[in-house]
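Chemist: Supplied structure: work_6.cif, mmCIF, C-alpha atoms.
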data_input
loop_
_atom_site.label_atom_id
_atom_site.label_comp_id
_atom_site.auth_asym_id
_atom_site.auth_seq_id
_atom_site.Cartn_x
_atom_site.Cartn_y
_atom_site.Cartn_z
CA MET A 863 177.43 -63.07 -9.07
CA ASP A 864 175.12 -64.68 -6.51
CA ARG A 865 175.07 -61.48 -4.51
CA ARG A 866 174.12 -59.51 -7.62
CA ARG A 867 171.35 -61.99 -8.46
CA TRP A 868 170.02 -61.76 -4.92
CA ALA A 869 170.06 -57.93 -5.05
CA VAL A 870 168.15 -57.98 -8.36
CA THR A 871 165.62 -60.44 -6.90
CA VAL A 872 165.03 -58.29 -3.82
CA ILE A 873 164.66 -55.07 -5.78
CA ALA A 874 162.31 -56.68 -8.31
CA GLY A 875 160.37 -58.41 -5.54
CA LEU A 876 159.78 -55.14 -3.70
CA VAL A 877 159.30 -52.81 -6.67
CA ILE A 878 156.80 -54.94 -8.63
CA PRO A 879 154.24 -54.93 -5.76
CA VAL A 880 154.63 -51.16 -5.44
CA ILE A 881 153.86 -50.75 -9.15
CA LEU A 882 150.86 -53.08 -8.81
CA MET A 883 149.58 -51.08 -5.82
CA PHE A 884 150.10 -47.80 -7.65
CA LEU A 885 148.14 -49.02 -10.67
CA ALA A 886 145.40 -50.64 -8.58
CA GLY A 887 145.04 -47.59 -6.30
CA ARG A 888 144.92 -45.13 -9.16
CA GLY A 889 142.65 -47.01 -11.52
CA SER A 890 138.88 -46.93 -11.32
CA GLY A 891 136.72 -49.84 -12.43
CA SER A 892 138.27 -53.18 -13.37
CA SER A 893 141.16 -53.83 -15.73
CA LEU A 894 141.29 -57.08 -17.69
CA PRO A 895 144.05 -58.68 -15.54
CA GLU A 896 142.11 -57.69 -12.41
CA GLN A 897 138.92 -59.18 -13.85
CA LEU A 898 140.72 -62.44 -14.61
CA LEU A 899 142.42 -62.66 -11.21
CA VAL A 900 139.33 -61.66 -9.21
CA GLY A 901 137.23 -64.07 -11.26
CA LEU A 902 139.62 -66.94 -10.56
CA ALA A 903 139.92 -66.16 -6.83
CA GLY A 904 136.15 -65.68 -6.50
CA ARG A 905 135.43 -69.05 -8.05
CA ILE A 906 137.90 -70.80 -5.75
CA GLN A 907 136.28 -68.99 -2.78
CA GLY A 908 132.87 -70.19 -3.97
CA VAL A 909 134.11 -73.78 -3.98
CA ALA A 910 135.80 -73.29 -0.58
CA ARG A 911 132.58 -71.89 0.85
CA TRP A 912 130.70 -74.92 -0.43
CA VAL A 913 133.29 -77.33 1.02
CA THR A 914 133.57 -75.63 4.45
CA GLY A 915 129.80 -75.22 4.62
CA GLY A 916 129.35 -78.92 3.88
CA THR A 917 131.98 -79.91 6.45
CA SER A 918 130.37 -77.70 9.07
CA ASP A 919 126.96 -79.19 8.30
CA LEU A 920 128.44 -82.68 8.57
CA LEU A 921 130.08 -81.84 11.90
CA ASN A 922 127.04 -80.12 13.38
CA GLY A 923 124.39 -82.37 11.93
CA TYR A 924 126.03 -85.77 12.14
CA ALA A 925 129.29 -86.15 14.08
CA LEU A 926 128.20 -84.27 17.20
CA LEU A 927 124.72 -85.70 16.98
CA VAL A 928 126.06 -89.26 16.95
CA GLY A 929 127.76 -88.56 20.28
CA VAL A 930 124.55 -87.29 21.78
CA ARG A 931 122.61 -90.27 20.50
CA GLU A 932 125.12 -92.67 21.98
CA GLU A 933 124.82 -91.02 25.39
CA ASN A 934 121.07 -90.93 25.38
CA GLU A 935 120.37 -93.89 23.14
CA ARG A 936 117.72 -95.62 25.19
CA LEU A 937 115.72 -92.68 26.52
CA LEU A 938 116.25 -89.69 24.26
CA ALA A 939 116.58 -91.04 20.70
CA GLU A 940 113.00 -90.33 19.70
CA ARG A 941 112.97 -86.91 21.33
CA ASP A 942 116.23 -85.94 19.62
CA ARG A 943 114.83 -86.87 16.25
CA LEU A 944 111.76 -84.73 16.81
CA LEU A 945 113.82 -81.82 18.09
CA GLN A 946 116.03 -82.04 15.02
CA GLU A 947 113.04 -82.01 12.75
CA ALA A 948 111.57 -79.04 14.60
CA LEU A 949 114.87 -77.14 14.33
CA LEU A 950 115.11 -77.91 10.65
CA ALA A 951 111.55 -76.72 10.13
CA LYS A 952 112.34 -73.52 12.01
CA GLN A 953 115.46 -72.92 9.94
CA LEU A 954 113.49 -73.50 6.76
CA ALA A 955 110.80 -71.08 7.93
CA VAL A 956 113.41 -68.37 8.56
CA GLU A 957 114.98 -69.02 5.17
CA VAL A 958 111.59 -68.88 3.43
CA GLN A 959 110.75 -65.62 5.22
CA ARG A 960 114.07 -64.10 4.15
CA LEU A 961 113.61 -65.12 0.53
CA ARG A 962 110.03 -63.84 0.60
CA LYS A 963 111.31 -60.43 1.68
CA VAL A 964 113.72 -60.46 -1.24
CA LEU A 965 110.89 -61.28 -3.64
CA ASP A 966 108.67 -58.60 -2.07
CA LEU A 967 111.32 -55.99 -2.72
CA ARG A 968 111.49 -56.96 -6.37
CA GLU A 969 107.72 -56.56 -6.62
CA LYS A 970 107.70 -53.25 -4.74
CA ARG A 971 110.29 -51.68 -7.03
CA PRO A 972 109.27 -52.64 -10.57
CA ASP A 973 111.26 -49.63 -11.82
CA LEU A 974 114.50 -51.37 -10.83
CA ARG A 975 116.01 -54.35 -12.55
CA LEU A 976 117.09 -56.46 -9.60
CA GLU A 977 119.09 -59.68 -9.74
CA ALA A 978 119.72 -61.99 -6.78
CA ALA A 979 123.37 -62.50 -5.80
CA GLN A 980 125.05 -64.84 -3.35
CA VAL A 981 127.60 -63.47 -0.85
CA VAL A 982 130.74 -65.59 -1.34
CA ALA A 983 133.21 -63.70 0.88
CA MET A 984 133.21 -60.87 3.38
CA ASP A 985 136.24 -58.92 4.55
CA VAL A 986 136.00 -56.53 7.49
CA THR A 987 139.41 -55.10 8.29
CA PRO A 988 140.39 -51.88 10.06
CA PHE A 989 140.95 -50.39 6.63
CA HIS A 990 138.15 -51.55 4.36
CA ARG A 991 134.67 -52.96 4.43
CA VAL A 992 134.32 -54.92 1.24
CA GLY A 993 132.45 -58.08 0.34
CA ARG A 994 132.50 -60.31 -2.70
CA ILE A 995 129.26 -61.49 -4.30
CA GLN A 996 128.29 -63.80 -7.14
CA VAL A 997 125.14 -63.26 -9.17
CA GLN A 998 123.12 -66.45 -9.35
CA THR A 999 121.32 -65.73 -12.61
CA ALA A 1000 123.21 -67.18 -15.55
CA GLY A 1001 124.30 -64.71 -18.20
CA VAL A 1002 124.16 -61.64 -15.94
CA ALA A 1003 127.36 -59.59 -15.93
CA LEU A 1004 128.16 -57.24 -13.06
CA GLN A 1005 129.59 -53.78 -13.66
CA PRO A 1006 131.29 -51.25 -11.38
CA ASP A 1007 128.86 -48.79 -9.73
CA MET A 1008 125.89 -51.14 -9.64
CA ALA A 1009 123.93 -50.73 -6.41
CA VAL A 1010 123.69 -53.67 -3.99
CA LEU A 1011 120.76 -53.84 -1.58
CA THR A 1012 118.77 -56.04 0.75
CA PRO A 1013 115.09 -55.71 1.67
CA GLU A 1014 116.23 -53.74 4.74
CA GLY A 1015 118.02 -51.14 2.65
CA LEU A 1016 121.10 -50.20 0.66
CA VAL A 1017 124.31 -52.21 1.23
CA GLY A 1018 126.83 -50.54 -1.10
CA ARG A 1019 128.12 -50.42 -4.62
CA ILE A 1020 130.20 -52.71 -6.81
CA THR A 1021 133.76 -51.45 -7.21
CA ARG A 1022 135.35 -54.30 -9.13
CA ALA A 1023 133.59 -56.77 -11.38
CA ALA A 1024 134.55 -59.90 -13.25
CA GLY A 1025 131.63 -61.54 -15.02
CA SER A 1026 129.18 -62.74 -12.42
CA LEU A 1027 131.58 -61.91 -9.55
CA GLY A 1028 131.99 -58.49 -8.00
CA ASP A 1029 133.56 -56.75 -4.99
CA VAL A 1030 131.09 -54.62 -3.04
CA MET A 1031 132.21 -51.52 -1.14
CA MET A 1032 129.78 -51.21 1.75
CA LEU A 1033 128.26 -47.98 3.04
CA GLY A 1034 130.33 -48.21 6.23
CA ASP A 1035 133.59 -48.10 4.22
CA GLN A 1036 135.28 -44.74 4.71
CA ARG A 1037 135.64 -44.35 0.92
CA SER A 1038 131.89 -44.65 0.38
CA ARG A 1039 129.89 -41.58 -0.76
CA VAL A 1040 126.12 -41.63 -1.46
CA ALA A 1041 123.84 -38.74 -2.45
CA CYS A 1042 120.93 -38.83 0.00
CA GLU A 1043 117.85 -36.97 1.16
CA VAL A 1044 116.00 -37.00 4.45
CA LEU A 1045 112.53 -38.38 3.89
CA GLY A 1046 109.76 -35.79 4.43
CA GLN A 1047 112.23 -33.01 5.33
CA GLY A 1048 113.40 -31.98 1.87
CA VAL A 1049 117.00 -31.93 3.09
CA LEU A 1050 119.70 -33.11 0.70
CA GLY A 1051 123.09 -34.39 1.79
CA VAL A 1052 125.93 -36.81 1.25
CA LEU A 1053 126.35 -40.00 3.26
CA ILE A 1054 130.00 -40.75 4.09
CA GLY A 1055 131.12 -44.10 5.51
CA SER A 1056 132.52 -43.80 9.03
CA GLY A 1057 135.08 -46.60 8.59
CA LEU A 1058 134.76 -47.33 12.31
CA PRO A 1059 135.75 -50.95 12.96
CA ASP A 1060 133.52 -51.37 16.01
CA ARG A 1061 130.20 -50.30 14.47
CA TYR A 1062 128.57 -50.22 11.08
CA SER A 1063 127.60 -46.56 10.66
CA ALA A 1064 128.05 -43.49 8.46
CA TRP A 1065 127.88 -39.70 8.61
CA LEU A 1066 125.22 -37.65 6.80
CA GLN A 1067 126.69 -34.33 5.71
CA VAL A 1068 124.13 -31.51 5.21
CA ALA A 1069 124.37 -27.73 4.83
CA GLN A 1070 124.58 -25.69 8.04
CA THR A 1071 121.61 -23.62 6.92
CA GLU A 1072 119.24 -26.58 7.26
CA ASP A 1073 117.09 -27.03 10.36
CA PRO A 1074 118.35 -29.64 12.84
CA LEU A 1075 117.24 -33.13 11.84
CA PRO A 1076 115.08 -35.05 14.32
CA ARG A 1077 116.28 -38.31 15.85
CA GLY A 1078 115.08 -41.28 13.81
CA ALA A 1079 114.65 -39.31 10.57
CA VAL A 1080 114.76 -41.72 7.64
CA VAL A 1081 117.58 -41.22 5.14
CA VAL A 1082 116.99 -42.45 1.58
CA THR A 1083 118.96 -42.19 -1.64
CA SER A 1084 118.25 -39.05 -3.66
CA GLY A 1085 119.48 -40.44 -6.99
CA HIS A 1086 121.52 -37.29 -7.65
CA ASP A 1087 124.80 -39.19 -7.86
CA ARG A 1088 123.41 -41.20 -10.83
CA VAL A 1089 124.72 -44.36 -9.18
CA PHE A 1090 122.01 -45.29 -6.72
CA PRO A 1091 118.34 -45.27 -7.73
CA ARG A 1092 116.17 -42.80 -5.82
CA GLY A 1093 114.18 -43.79 -2.76
CA ILE A 1094 116.18 -46.72 -1.39
CA GLU A 1095 116.28 -46.71 2.39
CA VAL A 1096 119.77 -46.07 3.74
CA GLY A 1097 119.46 -45.56 7.49
CA TYR A 1098 118.22 -43.45 10.40
CA VAL A 1099 119.59 -40.31 12.01
CA LEU A 1100 120.90 -41.00 15.50
CA ASP A 1101 121.02 -38.50 18.35
CA GLN A 1102 120.87 -34.96 16.95
CA ASP A 1103 122.88 -33.66 19.92
CA ALA A 1104 125.83 -35.72 18.68
CA ARG A 1105 126.00 -33.80 15.39
CA ARG A 1106 129.30 -32.12 14.56
CA ARG A 1107 130.52 -29.34 12.31
CA ALA A 1108 132.68 -30.16 9.29
CA GLY A 1109 133.64 -26.97 7.42
CA PRO A 1110 130.50 -25.45 5.92
CA PHE A 1111 128.51 -28.61 6.74
CA VAL A 1112 126.96 -30.34 9.71
CA GLU A 1113 127.41 -34.11 10.10
CA TYR A 1114 124.85 -36.43 11.72
CA GLU A 1115 125.67 -40.00 12.62
CA VAL A 1116 123.43 -42.42 10.73
CA ARG A 1117 122.62 -45.97 11.77
CA LEU A 1118 122.62 -47.98 8.54
CA ALA A 1119 119.41 -49.85 7.82
CA ALA A 1120 120.88 -52.95 6.19
CA ASN A 1121 123.26 -55.22 8.04
CA PRO A 1122 125.08 -57.13 5.28
CA ALA A 1123 126.40 -59.70 7.75
CA ALA A 1124 122.85 -60.97 8.25
CA TRP A 1125 122.24 -61.74 4.58
CA ASP A 1126 123.49 -64.58 2.40
CA THR A 1127 121.52 -63.33 -0.58
CA VAL A 1128 121.50 -59.72 -1.76
CA LEU A 1129 120.05 -57.93 -4.78
CA VAL A 1130 121.98 -56.05 -7.44
CA ALA A 1131 120.40 -53.08 -9.24
CA ALA A 1132 121.71 -51.58 -12.43
CA PRO A 1133 122.63 -47.87 -12.39
CA ALA A 1134 120.17 -45.47 -14.03
CA GLY A 1135 120.02 -45.95 -17.77
CA SER A 1136 121.49 -49.44 -17.98
CA GLY A 1137 120.64 -53.01 -17.09
CA PRO A 1138 122.50 -55.88 -15.42
CA GLY A 1139 122.59 -57.81 -18.63
CA THR A 1140 124.44 -55.16 -20.56
CA GLY A 1141 127.87 -55.57 -18.97
CA PRO A 1142 131.08 -56.51 -20.76
CA MET B 180 158.61 -78.54 -5.20
CA ARG B 181 159.11 -77.75 -1.50
CA SER B 182 157.73 -74.24 -2.08
CA VAL B 183 154.70 -75.59 -3.94
CA TRP B 184 153.86 -77.96 -1.07
CA PHE B 185 154.36 -75.09 1.36
CA LEU B 186 152.00 -72.78 -0.58
CA LEU B 187 149.37 -75.51 -0.89
CA LEU B 188 149.52 -76.14 2.86
CA LEU B 189 149.34 -72.41 3.59
CA ALA B 190 146.26 -72.10 1.35
CA LEU B 191 144.67 -75.11 3.07
CA VAL B 192 145.38 -73.84 6.60
CA GLN B 193 144.20 -70.33 5.67
CA LEU B 194 141.03 -71.88 4.23
CA LEU B 195 140.27 -73.87 7.38
CA VAL B 196 141.26 -71.43 10.13
CA GLY B 197 138.60 -68.77 9.39
CA PRO B 198 135.54 -71.09 9.39
CA LEU B 199 136.99 -72.97 12.39
CA LEU B 200 137.32 -69.79 14.46
CA LEU B 201 133.85 -68.71 13.36
CA TRP B 202 132.50 -72.08 14.44
CA MET B 203 134.14 -71.56 17.85
CA GLY B 204 132.36 -68.21 18.14
CA LEU B 205 135.57 -66.19 17.63
CA ARG B 206 136.50 -63.51 15.10
CA PRO B 207 137.57 -65.27 11.85
CA THR B 208 140.59 -62.95 11.49
CA LEU B 209 141.90 -63.63 15.01
CA LEU B 210 144.85 -65.70 13.74
CA ASP B 211 147.26 -64.39 11.12
CA VAL B 212 148.53 -67.63 9.58
CA PRO B 213 150.40 -65.95 6.68
CA LEU B 214 152.45 -63.98 9.22
CA VAL B 215 153.56 -67.18 10.97
CA ALA B 216 154.23 -68.78 7.59
CA THR B 217 156.48 -65.84 6.70
CA CYS B 218 158.35 -66.28 9.99
CA TYR B 219 158.84 -69.95 9.18
CA LEU B 220 160.02 -69.17 5.65
CA GLY B 221 162.41 -66.63 7.15
CA TYR B 222 164.35 -69.15 9.18
CA ALA B 223 163.74 -72.53 7.55
CA PHE B 224 164.02 -71.85 3.82
CA PRO B 225 167.05 -70.87 1.72
CA THR B 226 167.09 -67.07 1.37
CA ARG B 227 166.22 -66.65 -2.31
CA ARG B 228 163.66 -69.43 -2.47
CA GLY B 229 162.08 -68.26 0.79
CA PHE B 230 161.77 -64.71 -0.52
CA LEU B 231 160.17 -65.81 -3.78
CA THR B 232 157.79 -68.17 -1.95
CA THR B 233 156.80 -65.28 0.35
CA LEU B 234 156.03 -63.08 -2.66
CA VAL B 235 153.86 -65.76 -4.27
CA ALA B 236 152.06 -66.30 -0.96
CA GLY B 237 151.48 -62.53 -0.80
CA LEU B 238 150.07 -62.50 -4.33
CA ILE B 239 147.67 -65.34 -3.47
CA LEU B 240 146.53 -63.44 -0.37
CA ASP B 241 146.02 -60.27 -2.43
CA LEU B 242 143.70 -62.16 -4.73
CA TRP B 243 142.01 -63.95 -1.87
CA THR B 244 141.19 -60.84 0.16
CA PRO B 245 138.43 -58.65 -1.30
CA GLY B 246 139.16 -54.94 -1.03
CA THR B 247 142.94 -55.19 -0.74
CA LEU B 248 145.10 -53.44 -3.31
CA LEU B 249 146.90 -55.90 -5.57
CA GLY B 250 150.52 -56.05 -4.37
CA MET B 251 149.84 -55.00 -0.76
CA HIS B 252 150.41 -58.41 0.87
CA MET B 253 153.33 -59.09 -1.51
CA GLU B 254 155.12 -55.93 -0.42
CA VAL B 255 154.40 -56.26 3.30
CA LEU B 256 155.26 -59.95 3.57
CA GLY B 257 158.35 -59.46 1.37
CA LEU B 258 159.68 -56.75 3.70
CA LEU B 259 158.86 -58.83 6.78
CA PHE B 260 160.68 -61.81 5.27
CA LEU B 261 163.84 -59.75 4.84
CA LEU B 262 163.59 -58.55 8.44
CA ILE B 263 163.02 -62.05 9.84
CA ARG B 264 165.78 -63.46 7.65
CA GLY B 265 168.14 -60.87 9.12
CA LEU B 266 167.08 -61.75 12.67
CA SER B 267 167.32 -65.50 12.09
CA GLY B 268 171.12 -65.27 12.14
CA ARG B 269 171.06 -63.72 15.61
CA LEU B 270 168.07 -65.43 17.26
CA PRO B 271 167.22 -69.14 17.39
CA LEU B 272 163.80 -68.77 15.78
CA ASP B 273 163.14 -72.51 15.98
CA ARG B 274 162.71 -72.02 19.75
CA PRO B 275 159.27 -70.99 21.04
CA LEU B 276 160.17 -67.79 22.93
CA PRO B 277 162.25 -66.10 20.21
CA LEU B 278 159.59 -67.11 17.68
CA ILE B 279 156.85 -65.52 19.81
CA LEU B 280 158.85 -62.30 20.18
CA VAL B 281 159.70 -62.05 16.49
CA THR B 282 156.09 -62.82 15.49
CA LEU B 283 154.93 -60.10 17.86
CA VAL B 284 157.29 -57.52 16.36
CA ALA B 285 156.49 -58.66 12.81
CA GLY B 286 152.73 -58.47 13.55
CA VAL B 287 153.01 -54.88 14.77
CA LEU B 288 155.15 -53.95 11.77
CA LYS B 289 152.71 -55.64 9.40
CA THR B 290 149.81 -53.60 10.77
CA LEU B 291 151.78 -50.36 10.49
CA LEU B 292 152.95 -51.19 6.96
CA PHE B 293 149.38 -51.94 5.84
CA TYR B 294 148.27 -48.61 7.28
CA LEU B 295 151.14 -46.71 5.69
CA LEU B 296 150.81 -48.33 2.25
CA SER B 297 147.04 -47.77 2.30
CA LEU B 298 147.69 -44.08 3.01
CA LEU B 299 150.19 -43.92 0.15
CA PHE B 300 148.45 -45.91 -2.56
CA ASP B 301 144.73 -46.12 -1.81
CA SER B 302 143.28 -42.84 -3.06
CA GLY B 303 140.06 -43.21 -1.05
CA PHE B 304 141.72 -44.23 2.23
CA GLU B 305 141.40 -41.82 5.13
CA GLY B 306 143.70 -43.00 7.88
CA ARG B 307 142.37 -43.17 11.41
CA ALA B 308 144.88 -44.19 14.04
CA ALA B 309 142.08 -45.70 16.15
CA SER B 310 141.59 -48.42 13.56
CA LEU B 311 145.07 -49.77 14.36
CA VAL B 312 143.81 -50.82 17.80
CA TRP B 313 141.57 -53.33 16.00
CA ALA B 314 144.65 -55.37 15.06
CA ILE B 315 145.98 -55.79 18.62
CA PRO B 316 144.04 -58.99 19.50
CA THR B 317 145.13 -60.61 16.22
CA VAL B 318 148.79 -59.74 16.75
CA LEU B 319 148.82 -60.93 20.37
CA THR B 320 146.95 -64.19 19.70
CA THR B 321 149.05 -65.00 16.64
CA ALA B 322 152.31 -64.34 18.49
CA LEU B 323 151.32 -66.48 21.48
CA LEU B 324 150.18 -69.37 19.29
CA ALA B 325 153.02 -69.04 16.76
CA PRO B 326 154.93 -72.11 18.08
CA LEU B 327 151.79 -74.18 17.50
CA LEU B 328 150.82 -72.58 14.19
CA VAL B 329 154.27 -73.25 12.78
CA LEU B 330 153.96 -77.00 13.43
CA PRO B 331 152.01 -77.89 10.26
CA PHE B 332 154.69 -76.22 8.12
CA ALA B 333 157.56 -77.85 10.04
CA GLY B 334 155.71 -81.16 9.90
CA LEU B 335 155.27 -80.89 6.14
CA ASP B 336 158.97 -80.13 5.79
CA ALA B 337 159.85 -83.12 7.92
CA LEU B 338 157.58 -85.32 5.78
CA THR B 339 158.93 -84.07 2.47
CA GLY B 340 162.54 -84.03 3.69
CA GLY B 341 162.93 -80.27 3.27
CA LEU B 342 163.82 -79.51 6.89
CA ARG B 343 167.45 -79.58 7.91
CA LYS B 344 168.38 -81.87 10.78
CA ALA B 345 169.26 -78.89 12.96
CA ASP B 346 165.73 -77.51 12.54
CA ARG B 347 163.91 -80.65 13.60
CA ARG B 348 163.97 -79.75 17.30
CA ILE B 349 160.94 -77.45 16.75
CA LEU B 350 158.90 -80.66 16.45
#
Mind turning this structure into structure tokens?
Modeler:
Amino acid sequence: MDRRRWAVTVIAGLVIPVILMFLAGRGSGSSLPEQLLVGLAGRIQGVARWVTGGTSDLLNGYALLVGVREENERLLAERDRLLQEALLAKQLAVEVQRLRKVLDLREKRPDLRLEAAQVVAMDVTPFHRVGRIQVQTAGVALQPDMAVLTPEGLVGRITRAAGSLGDVMMLGDQRSRVACEVLGQGVLGVLIGSGLPDRYSAWLQVAQTEDPLPRGAVVVTSGHDRVFPRGIEVGYVLDQDARRRAGPFVEYEVRLAANPAAWDTVLVAAPAGSGPGTGP
Amino acid sequence: MRSVWFLLLLALVQLLVGPLLLWMGLRPTLLDVPLVATCYLGYAFPTRRGFLTTLVAGLILDLWTPGTLLGMHMEVLGLLFLLIRGLSGRLPLDRPLPLILVTLVAGVLKTLLFYLLSLLFDSGFEGRAASLVWAIPTVLTTALLAPLLVLPFAGLDALTGGLRKADRRIL
């Protein structure tokens, strides 16, 4: 009887995950159970980020500093205080500059409805490049296929959403596809994530009949995929000699303009014809 | 109750290891704590309870990791548990060297299983064998540090009285 129970447990334990993977891999968008589970996990991650960030601040800003003060108490106390203040001021200046860039982008693109979002988790594995973000504005619901960008350029699109939380598939992910054009050249193409773990890049696929693209040519979204708004900077064509043939197309390696690792705050844009506030 | 404590500790360790490694200037995914936890479950827990605890740990990891298909960690860790459970009868896994070897083998298998299951179930996944190389530092570091990483779990068991007397020599 025990042996039979154990066999049933093993079979159930191995088959249920396969069914879950099959459903998750086949489905597009976000099912209700997924929304609930991602929402729960995202909120816990938000709290964890707050706790670990606070602990790190405490360690860096107090515990280690106490040791330094003890060692240099008589001679260096005043200088340490001033250095700390200067460092804090510098950090604040960098933060202000970063936020100013975000605000500038919102002013430059009045045609887009942009909402600020906080990056709560980032996963870079050999298989996927996906991050999780949380929109800061109350009452804004994320939806799959919303574009995510920074002032430097496009970051990716939301693949799963649960209220104000969403998973973002970045441009470097090998599943990513973006309709693009080369600025000033009139060349249309599709940007495909390289999926390379050692660098954040993508391939621009254009027709063989097009003239060779110059090094440094700027790649922007064309808006033809009806996901990404037109004219958002995506990246720059690298060495044209390194282009390769792929069936009827030619592929150029593209250095992506936005480095998501450098940003704590990103912007979310609604797809054409809808707004961030209209989600489920 | 022992499983609940174990899962809470695993969540806590998993939560702390990433930021700690980042703070040390290392890659946050350099240590695979769930893999070591599965090894520990494989030799220190009763078979059925260990298997179910592994599956729950896998589910938590699936939810925790953005971009992973739901069920992926459950399946991989469940299979690894069965393998380690089978080996635990033949190898003294509470000794450092056998534990290192089994963690090494389990780490390689875990990477291959992730790759294979992604190919099978993730419609947008295009497998590139080169990406497997990325996992080598994680597998090696985790295997070498497995006798240390297992200590919090063995310590918790010793505190809560879950560890058998014969298993206490790991401490």
Chemist: With all atoms listed in the file as the atoms that count, which of A:Asp1007, A:Glu1014, A:Asp1029, A:Asp966 lies nearest to B:Trp243?
Modeler: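 Closest candidate: A:Asp1029.
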Chemist: Please report as an MDAnalysis selection string which residues of chain A come no farther than 6 Å from chain B, using all atoms listed in the file.
Modeler: chainID A and resid 876 879 882:884 886:887 903 988 992 1037
Chemist: Enclose stretch 1106-1118 of chain A, meaning all of its atoms listed in the file, in a box aligned along x, y and z, pad it by 6 Å on each side, and list the centre and edge lengths in Å to one decimal, as JSON.
Modeler:
{"center_x": 128.1, "center_y": -36.7, "center_z": 10.2, "size_x": 23.0, "size_y": 34.5, "size_z": 20.6}
Chemist: Figure out the distance between atom CA of B:Leu186 and atom CA of B:Leu266, please, to one decimal in Å.
Modeler: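 Straight-line distance from atom CA of B:Leu266 to atom CA of B:Leu186 works out to 22.9 Å.
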Chemist: Once you count all atoms listed in the file, which residues end up no further than 10 Å from (125.5, -36.3, 4.2) in the file's frame, shown as a list in words?
Modeler: Arg1039, Val1040, Ala1041, Cys1042, Glu1043, Val1044, Val1049, Leu1050, Gly1051, Val1052, Leu1053, Ile1054, Gly1055, Ala1064, Trp1065, Leu1066, Gln1067, Val1068, Ala1069, Val1081, Phe1111, Val1112, Glu1113, Tyr1114, Glu1115 and Val1116 of chain A
Chemist: Any chance you could work out the residue set of the PyMOL selection byres ((chain A and resi 1091-1098) around 10) here, as a count of residues only?
Modeler: 53
Chemist: Give as a ChimeraX atom specification the residues that the PyMOL selection byres ((chain B and resi 222) around 7) matches when applied to the coordinates above.
Modeler: /B:218-221,223-224,264,267,272
Chemist: What does the distance from atom CA of B:Ala322 to atom CA of A:Gly875 come to in Å, to one decimal?
Modeler: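 One can read the atom CA of B:Ala322 to atom CA of A:Gly875 distance as 26.0 Å.
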Chemist: Determine, counting only C-alpha atoms, which protein, DNA and RNA residues have an atom within 9 Å of an atom of B:Leu323; residues of the same chain fewer than 6 positions away are not included. Present the result as an NGL selection string.
Modeler: :B and (279-280 or 282-283)
Chemist: Rounded to one decimal, what separation in Å do you get between atom CA of A:Val1128 and atom CA of A:Gly908?
Modeler: 15.6 Å
Chemist: Please evaluate the PyMOL selection byres ((chain A and resi 964) around 9) against the displayed coordinates and give the resulting residues as number ranges by chain.
Modeler: A: 959-963, 965-969, 978, 1012-1013, 1127-1129
Chemist: Could you give me, as CSV, every stretch 200-307 of chain B residue with an atom at most 8 Å from stretch 326-329 of chain B, plus its closest atom pair and distance in Å to one decimal, counting all atoms listed in the file, rows ordered by chain then number?
Modeler:
residue,atom,partner,partner_atom,distance
B:Val212,CA,B:Leu328,CA,7.1
B:Val215,CA,B:Val329,CA,6.4
B:Ala216,CA,B:Val329,CA,6.8
B:Tyr219,CA,B:Val329,CA,6.7
B:Arg274,CA,B:Pro326,CA,8.0
B:Pro275,CA,B:Pro326,CA,5.4
B:Leu278,CA,B:Pro326,CA,6.8
B:Ile279,CA,B:Pro326,CA,7.1
